[in-house]
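Undergrad: Here it is, the structure, as structure tokens.
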Amino acid sequence: AGTSAQAAGAGTQARNPVAAQGLPVPVPLRFTAAAVDGSTIDGAALAAQPTVAWFWTPWCTICRAEAPDVAAAAAKFGDQVNFVGIAGLGQVSAMQRFVSDTGVGGFAHAVDSDGSIWQGFGVIGQPSFAFVHPDGQIEVVPGSMSPGDLEKRIAGLLAS
């Protein structure tokens with residue numbers, strides 16, 4: 001697992017058990033998207049690995065307030081869990097400013113301007129989180145999350 005765009009990008013198939021074994025990729029992870037930093041994110045590369053997906057918008061004040069907590073969790077657990085932001089409903093320039101202003105640049109953020117990735121996960125509001133277990137189970141949690149609750153959810157990912 002890793003926290004950078006490379007963790008979700010090309011070249012990860014060899015270490016991805018789902019891809020290597022030909023197992024099905026969970027439907028919500030079947031996406032390829034441009035990242036806020038200009039790279040590409042392959043959602044399928046996250047399959048079979050513990051992953052936290054954070055759904056946010058650049059104009060969301062709650063997202064902005066919880067961003068430091070998400071960044072801290074990514075820094076603390078990033079060597080064990082993939083983190084990916086799913087930025088929706090905004091312009092790329094505003095998404096780039098959000099990432100820069102809030103200090104969440106330590107992990108990749110997909111540009112989901114049309115909401116298709118959000119829709120695939122069943123996310124209808126921001127902020128929201130999706131916890132992707134290595135076995136393919138996905139838990140979507142709407143709303144903001146305290147640092148303690150986020151750490152408990154991550155511990156659950158690591159225990160699965």
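Note on naming: chains are A, B, ... as they come in the structure tokens, residues start from 1 per chain, ligands start from 1 in the order shown.
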Any idea what's packed within 12 Å of segment 72-82 of chain A, counting only C-alpha atoms, ignoring anything in its chain fewer than 3 positions away? Could you give it as a PyMOL selection string?
TA: chain A and resi 1-9+43+45-54+66-69+85+102-109+130-134+145-160
Undergrad: Where in chain A does DSSP assign helix (DSSP H, G or I), given as a ChimeraX atom specification?
TA: /A:5-8,13-15,17-21,27-29,43-46,61-77,92-102,116-121,147-159
Undergrad: Fewer than 3 positions away in the same chain doesn't count, so skip those; otherwise give me all residues within 12 Å of Val123 of chain A, counting only C-alpha atoms, as a ChimeraX atom specification.
TA: /A:28,53-56,86-88,115-120,126-130,138-143
Undergrad: Residues of segment 73-148 of chain A in strand (DSSP E) according to DSSP, as a ChimeraX atom specification?
TA: /A:82-88,108-112,128-132,138-142
Undergrad: Provide the atom CA of Thr32 of chain A to atom CA of Arg64 of chain A distance in Å, to one decimal place.
TA: 25.1 Å
Undergrad: With only C-alpha atoms as the atoms that count, which of A:Leu89, A:Ala110, A:Val27, A:Cys63 lies nearest to Gly122 of chain A?
TA: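 Looking at the shortest contact to Gly122 of chain A, the residue is A:Val27.
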Undergrad: Using only C-alpha atoms, which residues sit within 7 Å of Ala44 of chain A once same-chain residues fewer than 3 positions away are excluded, as a PyMOL selection string?
TA: chain A and resi 25+29-31+47
